[in-house]
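Visitor: Dumping the structure here so I can ask a few things about it.
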Amino acid sequence: MFLGSAGRYNIPTEFAIWGSSSAQGYGGGGVSVGSELQARFGIPMYNGGVGGQWSTHVAARQGGRPALLSLSGGSIPASGTIAATTPTMHILSFSAAGSLQGVSGTLASSGDLTTYQFTRSASGSVTSVPNDTPFIPTQGSQRRADGTIIWSGKNDITSGTGNMAICAESVDATVAYLLPRTQYLVMGHFANSTMPVGTSARTRMDAENARLASIYGDRYVDVYAYLKSAQVWVDSGVTPNATDLSDQADGVIPISLRSDTGHLNGAGYAAVAVLVGDTIVAQGWLG
């Protein structure tokens with residue numbers, strides 16, 4: 001298991017957050033959990049959140065579960081771009097700098113989202129690439145020692161077509177890739193306003209949250225419980241209305257803390273950042 005306790009790892013000099021739109025701060029009007037933590041602690045924060053991505057794409061950018069690439073023709077040309085396929089993530093808007101078989105370049109989805117493409121950074125020799133060669137992402141490699149927050153898997157949950165076993169593998173791989181070099185937290189998921197109890201997405205979310213809590217223990221941040229609590233109104237500075245209280249009773253994002261059916265607004269992100277920041281302090285990340 002990947003459990004940790006206060007003081008186990010080195011004190012981080014930088015933070016990173018990896019995930020999809022919640023990590024990115026979509027809908028927050030420039031406010032995100034990352035921006036709030038950076039302001040609170042004065043420690044640089046790398047935001048590795050990309051809206052719409054699934055856990056496999058996040059893990060490929062972060063490095064815990066690299067994309068395994070097979071190239072058209074089996075080699076990187078002396079210059080330019082070559083089509084690539086991968087069994088490790090479905091086609092989706094994606095871009096990451098890194099290296100393939102020692103050649104620096106960028107892995108990105110094609111404009112029409114039909115395939116992936118590897119574009120080398122500089123001209124060089126034709127390089128043979130065996131099938132299923134891992135693409136090593138630059139940012140993920142450079143940020144393994146950052147104090148890290150993982151908020152990944154929500155799109156797997158809400159898609160209805162995702163494989164939750166692969167989601168679990170990808171999220172766990174992002175954590176395993178960090179150890180034993182850094183402090184980390186794993187964020188739980190909240191229910192969209194369209195995810196009342198009894199829906200299949202809510203069932204998947206509840207199961208994944210329970211799994212994360214059982215594995216990561218004090219490294220797990222229970223965002224779902226927090227958004228249902230009275231403390232969230234103290235931390236956000238928002239006075240709840242009747243709809244907010246009804247939403248909390250239903251276990252979905254309160255209307256005053258959301259920007260749409262599936263994302264927090266600035267007040268919501270700021271409140272969650274208080275929860276995360278207090279957890280960081282309690283766990284002694286900063287000495």
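By order of appearance in the structure tokens: chains A, B, ..., then residues from 1 within every chain, and ligands from 1 in the order shown.
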Within 12 Å of Arg211 in chain A, counting only C-alpha atoms, which residues show up once you throw out same-chain ones fewer than 4 positions away? Write them as a ChimeraX atom specification, please.
Guide: /A:1,164-165,167-169,171-172,186-189,204-207,215-217,220,222
Visitor: I need the residues in range 77-238 of chain A that are strand (DSSP E or B) according to DSSP; give them as a ChimeraX atom specification.
Guide: /A:81-85,95-100,103-109,116-120,127-128,133-137,147-151,184-187,220-221
Visitor: Kindly provide the residues of range 107-190 of chain A that approach range 263-267 of chain A to within 12 Å, each paired with its closest atom pair and their distance in Å to one decimal, based on only C-alpha atoms, listed by chain and increasing number, as CSV.
Guide:
```
residue,atom,partner,partner_atom,distance
A:Lys154,CA,A:His263,CA,10.9
A:Asn155,CA,A:His263,CA,11.8
A:His189,CA,A:His263,CA,11.1
A:Phe190,CA,A:His263,CA,9.4
```
Visitor: What lies within 8 Å of Gly80 in chain A using only C-alpha atoms, ignoring chain neighbours under 2 positions off, as a ChimeraX atom specification?
Guide: /A:77-78,82,119-120,123
Visitor: Quick one, how far is CA of Ala59 in chain A from CA of Ser170 in chain A?
Guide: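 Straight-line distance from CA of Ala59 in chain A to CA of Ser170 in chain A works out to 5.9 Å.
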Visitor: Could you build a table of the residues in range 97-199 of chain A lying no more than 9 Å from range 255-262 of chain A, giving for each the nearest pair of atoms and their separation in Å rounded to one decimal place, using only C-alpha atoms, ordered by chain and ascending residue number, as a tab-separated table?
Guide:
```
residue	atom	partner	partner_atom	distance
A:Phe190	CA	A:Gly262	CA	8.8
A:Ala191	CA	A:Gly262	CA	7.7
A:Asn192	CA	A:Gly262	CA	4.6
A:Ser193	CA	A:Thr261	CA	5.1
A:Thr194	CA	A:Thr261	CA	6.5
```
Visitor: Taking only C-alpha atoms into account, which of A:Ser99, A:Ser22, A:Asn209, A:Thr81 comes nearest Thr133 in chain A?
Guide: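 That would be A:Ser99, the residue with the smallest distance to Thr133 in chain A.
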Visitor: Please return, as an MDAnalysis selection string, all residues of range 13-188 of chain A that DSSP assigns to alpha helix (DSSP H) on the basis of the backbone.
Guide: chainID A and resid 21:24 33:41 55:62 138:142 154:159 164:178
Visitor: CA of Ala249 in chain A to CA of Val197 in chain A: how many Å, to one decimal?
Guide: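 About the pair CA of Ala249 in chain A and CA of Val197 in chain A: they are 10.8 Å apart.
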Visitor: Quick one: residues within 10 Å of Gly102 in chain A, only C-alpha atoms, excluding same-chain residues fewer than 6 positions away - as a ChimeraX atom specification?
Guide: /A:127,129,135-136
Visitor: So that I have them on file, write out the residues from the current selection with all heavy atoms, as a tab-separated table (two decimals), in the first residue's frame.
Guide:
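Contents of selection-v2.tsv, freshly written:
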```tsv
chain	number	residue	atom	x	y	z
A	127	THR	N	15.46	7.10	-36.36
A	127	THR	CA	15.63	6.28	-35.16
A	127	THR	C	14.57	5.19	-35.12
A	127	THR	O	13.37	5.47	-35.13
A	127	THR	CB	15.50	7.14	-33.88
A	127	THR	OG1	16.47	8.19	-33.94
A	127	THR	CG2	15.71	6.31	-32.63
A	129	VAL	N	12.12	2.52	-33.63
A	129	VAL	CA	11.35	2.48	-32.38
A	129	VAL	C	10.54	1.18	-32.32
A	129	VAL	O	9.61	1.00	-33.10
A	129	VAL	CB	10.41	3.70	-32.26
A	129	VAL	CG1	9.57	3.61	-30.98
A	129	VAL	CG2	11.18	5.00	-32.30
A	135	PHE	N	6.66	6.62	-24.03
A	135	PHE	CA	6.94	8.03	-24.21
A	135	PHE	C	7.15	8.62	-22.82
A	135	PHE	O	6.25	8.54	-21.96
A	135	PHE	CB	5.78	8.72	-24.92
A	135	PHE	CG	5.90	10.21	-24.99
A	135	PHE	CD1	6.70	10.82	-25.95
A	135	PHE	CD2	5.20	11.03	-24.10
A	135	PHE	CE1	6.81	12.21	-26.01
A	135	PHE	CE2	5.30	12.41	-24.16
A	135	PHE	CZ	6.11	13.00	-25.12
A	136	ILE	N	8.31	9.20	-22.56
A	136	ILE	CA	8.65	9.71	-21.23
A	136	ILE	C	8.38	11.21	-21.17
A	136	ILE	O	9.08	11.99	-21.82
A	136	ILE	CB	10.12	9.42	-20.89
A	136	ILE	CG1	10.45	7.93	-21.10
A	136	ILE	CG2	10.42	9.85	-19.46
A	136	ILE	CD1	9.59	6.99	-20.30
```
Visitor: Work out how far CA of Gly287 in chain A is from CA of Ile11 in chain A, in Å to one decimal.
Guide: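 Computing the Euclidean distance for CA of Ile11 in chain A and CA of Gly287 in chain A yields 6.6 Å.
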Visitor: What lies within 10 Å of Thr182 in chain A using only C-alpha atoms, ignoring chain neighbours under 3 positions off, as a list in words?
Guide: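 So the residues in contact are Arg8, Tyr9, Asn10, Ile11, Pro12, Phe15, Arg143, Arg144, Ala145, Asp146, Gly147, Thr148, Val175, Tyr177, Leu178, Leu179 and Trp285 of chain A.
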Visitor: Hey, can you spit out that residue selection with all heavy atoms as a compact mmCIF listing (two decimals), in the first residue's frame?
Guide:
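Output (out.txt):
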```txt
# COMPACT_ATOMS: atom_id res chain seq x y z
N ARG A 8 7.48 11.82 6.63
CA ARG A 8 8.13 10.67 6.01
C ARG A 8 9.05 11.07 4.87
O ARG A 8 10.06 10.43 4.62
CB ARG A 8 7.06 9.69 5.50
CG ARG A 8 7.63 8.48 4.80
CD ARG A 8 6.55 7.52 4.38
NE ARG A 8 7.08 6.43 3.57
CZ ARG A 8 6.34 5.46 3.06
NH1 ARG A 8 5.05 5.43 3.27
NH2 ARG A 8 6.89 4.51 2.33
N TYR A 9 8.69 12.12 4.15
CA TYR A 9 9.42 12.51 2.96
C TYR A 9 10.11 13.86 3.14
O TYR A 9 9.89 14.55 4.13
CB TYR A 9 8.45 12.57 1.76
CG TYR A 9 7.70 11.29 1.56
CD1 TYR A 9 6.33 11.24 1.72
CD2 TYR A 9 8.38 10.11 1.23
CE1 TYR A 9 5.63 10.05 1.54
CE2 TYR A 9 7.69 8.93 1.04
CZ TYR A 9 6.32 8.90 1.20
OH TYR A 9 5.64 7.73 1.03
N ASN A 10 10.92 14.22 2.17
CA ASN A 10 11.59 15.51 2.21
C ASN A 10 10.58 16.66 2.09
O ASN A 10 9.54 16.52 1.47
CB ASN A 10 12.60 15.61 1.05
CG ASN A 10 13.74 14.64 1.20
OD1 ASN A 10 14.11 14.28 2.31
ND2 ASN A 10 14.29 14.20 0.09
N ILE A 11 10.92 17.80 2.67
CA ILE A 11 10.06 18.99 2.57
C ILE A 11 10.12 19.50 1.13
O ILE A 11 11.20 19.76 0.60
CB ILE A 11 10.53 20.08 3.55
CG1 ILE A 11 10.36 19.59 5.00
CG2 ILE A 11 9.76 21.37 3.33
CD1 ILE A 11 10.96 20.52 6.03
N PRO A 12 8.97 19.63 0.46
CA PRO A 12 8.98 20.08 -0.94
C PRO A 12 9.27 21.56 -1.07
O PRO A 12 8.87 22.36 -0.22
CB PRO A 12 7.57 19.75 -1.42
CG PRO A 12 6.73 19.82 -0.18
CD PRO A 12 7.61 19.34 0.94
N PHE A 15 5.23 22.69 -5.53
CA PHE A 15 4.04 21.85 -5.56
C PHE A 15 3.68 21.54 -7.00
O PHE A 15 4.01 22.28 -7.93
CB PHE A 15 2.85 22.57 -4.93
CG PHE A 15 2.91 22.75 -3.44
CD1 PHE A 15 2.25 23.83 -2.85
CD2 PHE A 15 3.58 21.87 -2.62
CE1 PHE A 15 2.26 24.02 -1.48
CE2 PHE A 15 3.61 22.05 -1.24
CZ PHE A 15 2.94 23.12 -0.67
N ARG A 143 9.13 16.68 -12.16
CA ARG A 143 8.34 17.09 -11.00
C ARG A 143 8.05 15.95 -10.04
O ARG A 143 7.14 16.04 -9.21
CB ARG A 143 7.05 17.76 -11.47
CG ARG A 143 7.37 19.02 -12.25
CD ARG A 143 6.17 19.86 -12.57
NE ARG A 143 6.62 21.09 -13.22
CZ ARG A 143 7.09 22.15 -12.58
NH1 ARG A 143 7.17 22.15 -11.26
NH2 ARG A 143 7.50 23.22 -13.24
N ARG A 144 8.83 14.89 -10.11
CA ARG A 144 8.58 13.75 -9.23
C ARG A 144 8.85 14.07 -7.77
O ARG A 144 8.30 13.41 -6.88
CB ARG A 144 9.46 12.56 -9.66
CG ARG A 144 9.03 11.94 -10.96
CD ARG A 144 9.90 10.78 -11.33
NE ARG A 144 9.66 9.60 -10.49
CZ ARG A 144 10.33 8.46 -10.60
NH1 ARG A 144 11.28 8.35 -11.50
NH2 ARG A 144 10.05 7.45 -9.80
N ALA A 145 9.67 15.06 -7.48
CA ALA A 145 9.98 15.41 -6.09
C ALA A 145 9.12 16.55 -5.56
O ALA A 145 9.28 16.95 -4.41
CB ALA A 145 11.46 15.77 -5.96
N ASP A 146 8.21 17.07 -6.38
CA ASP A 146 7.32 18.13 -5.90
C ASP A 146 6.33 17.58 -4.89
O ASP A 146 5.94 16.40 -4.95
CB ASP A 146 6.52 18.72 -7.07
CG ASP A 146 7.36 19.56 -8.02
OD1 ASP A 146 8.55 19.75 -7.74
OD2 ASP A 146 6.81 20.02 -9.04
N GLY A 147 5.88 18.42 -3.96
CA GLY A 147 4.72 18.07 -3.16
C GLY A 147 3.53 17.97 -4.10
O GLY A 147 3.20 18.93 -4.78
N THR A 148 2.91 16.79 -4.17
CA THR A 148 2.01 16.50 -5.29
C THR A 148 0.59 16.21 -4.83
O THR A 148 0.36 15.48 -3.86
CB THR A 148 2.54 15.31 -6.10
OG1 THR A 148 3.84 15.65 -6.61
CG2 THR A 148 1.62 15.00 -7.27
N VAL A 175 0.72 7.69 -8.15
CA VAL A 175 1.26 7.77 -6.79
C VAL A 175 2.54 6.95 -6.69
O VAL A 175 3.56 7.42 -6.16
CB VAL A 175 0.23 7.28 -5.76
CG1 VAL A 175 0.84 7.29 -4.36
CG2 VAL A 175 -1.01 8.15 -5.80
N TYR A 177 4.68 6.26 -8.83
CA TYR A 177 5.77 6.93 -9.55
C TYR A 177 6.46 7.97 -8.69
O TYR A 177 7.65 8.26 -8.87
CB TYR A 177 5.18 7.58 -10.80
CG TYR A 177 6.18 8.26 -11.73
CD1 TYR A 177 7.18 7.53 -12.37
CD2 TYR A 177 6.09 9.62 -11.98
CE1 TYR A 177 8.06 8.15 -13.24
CE2 TYR A 177 6.97 10.25 -12.84
CZ TYR A 177 7.95 9.51 -13.47
OH TYR A 177 8.83 10.13 -14.33
N LEU A 178 5.73 8.54 -7.73
CA LEU A 178 6.28 9.59 -6.87
C LEU A 178 7.16 9.03 -5.76
O LEU A 178 8.09 9.69 -5.30
CB LEU A 178 5.15 10.39 -6.23
CG LEU A 178 4.19 11.11 -7.16
CD1 LEU A 178 3.00 11.63 -6.38
CD2 LEU A 178 4.89 12.24 -7.90
N LEU A 179 6.84 7.85 -5.29
CA LEU A 179 7.50 7.30 -4.11
C LEU A 179 8.90 6.82 -4.41
O LEU A 179 9.15 6.29 -5.49
CB LEU A 179 6.66 6.15 -3.55
CG LEU A 179 5.23 6.52 -3.16
CD1 LEU A 179 4.48 5.30 -2.66
CD2 LEU A 179 5.22 7.61 -2.10
N TRP A 285 4.15 18.81 6.02
CA TRP A 285 4.90 18.90 4.78
C TRP A 285 5.99 19.97 4.85
O TRP A 285 7.05 19.83 4.23
CB TRP A 285 3.97 19.26 3.62
CG TRP A 285 3.12 18.15 3.11
CD1 TRP A 285 2.66 17.07 3.80
CD2 TRP A 285 2.60 18.03 1.78
NE1 TRP A 285 1.88 16.29 3.00
CE2 TRP A 285 1.82 16.86 1.74
CE3 TRP A 285 2.70 18.83 0.65
CZ2 TRP A 285 1.16 16.45 0.59
CZ3 TRP A 285 2.03 18.42 -0.49
CH2 TRP A 285 1.27 17.23 -0.53
```
Visitor: Write out as a list in words each polymer residue whose atoms come within 8 Å of range 233-237 of chain A, counting only C-alpha atoms; drop sequence neighbours fewer than 4 positions from it.
Guide: Ser229, Ala267, Gly268, Ala270, Ala271 and Val274 of chain A
Visitor: With N, CA, C and O atoms retained, export the selected residues as a tab-separated table (two decimals), in the first residue's frame.
Guide:
```
chain	number	residue	atom	x	y	z
A	229	SER	N	-20.50	19.40	4.28
A	229	SER	CA	-20.34	19.81	5.68
A	229	SER	C	-20.71	21.27	5.90
A	229	SER	O	-20.78	22.08	4.97
A	267	ALA	N	-15.42	30.34	-5.44
A	267	ALA	CA	-15.62	30.14	-4.01
A	267	ALA	C	-15.44	28.68	-3.63
A	267	ALA	O	-14.90	28.35	-2.57
A	268	GLY	N	-15.90	27.81	-4.51
A	268	GLY	CA	-15.77	26.38	-4.25
A	268	GLY	C	-14.33	25.92	-4.26
A	268	GLY	O	-13.88	25.17	-3.37
A	270	ALA	N	-11.70	27.80	-3.77
A	270	ALA	CA	-11.00	28.42	-2.65
A	270	ALA	C	-11.26	27.66	-1.36
A	270	ALA	O	-10.36	27.48	-0.52
A	271	ALA	N	-12.50	27.19	-1.19
A	271	ALA	CA	-12.83	26.43	0.01
A	271	ALA	C	-12.09	25.09	0.04
A	271	ALA	O	-11.51	24.71	1.07
A	274	VAL	N	-8.62	25.43	1.12
A	274	VAL	CA	-8.45	25.54	2.57
A	274	VAL	C	-8.33	24.14	3.17
A	274	VAL	O	-7.46	23.87	4.00
```
Visitor: Leaving out Val272 in chain A and any residue of its chain fewer than 2 positions from it, which residues lie within 8 Å of it when counting only C-alpha atoms, given as a list in words?
Guide: Val33, Val223, Tyr226, Val232, Gly268, Tyr269, Ala270, Val274, Leu275 and Val276 of chain A
Visitor: Using only C-alpha atoms, which residue out of A:Pro134, A:Gly28, A:Gly42, A:Gly105 lies closest to Thr85 in chain A?
Guide: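 So, comparing all the options, the nearest one is A:Pro134.
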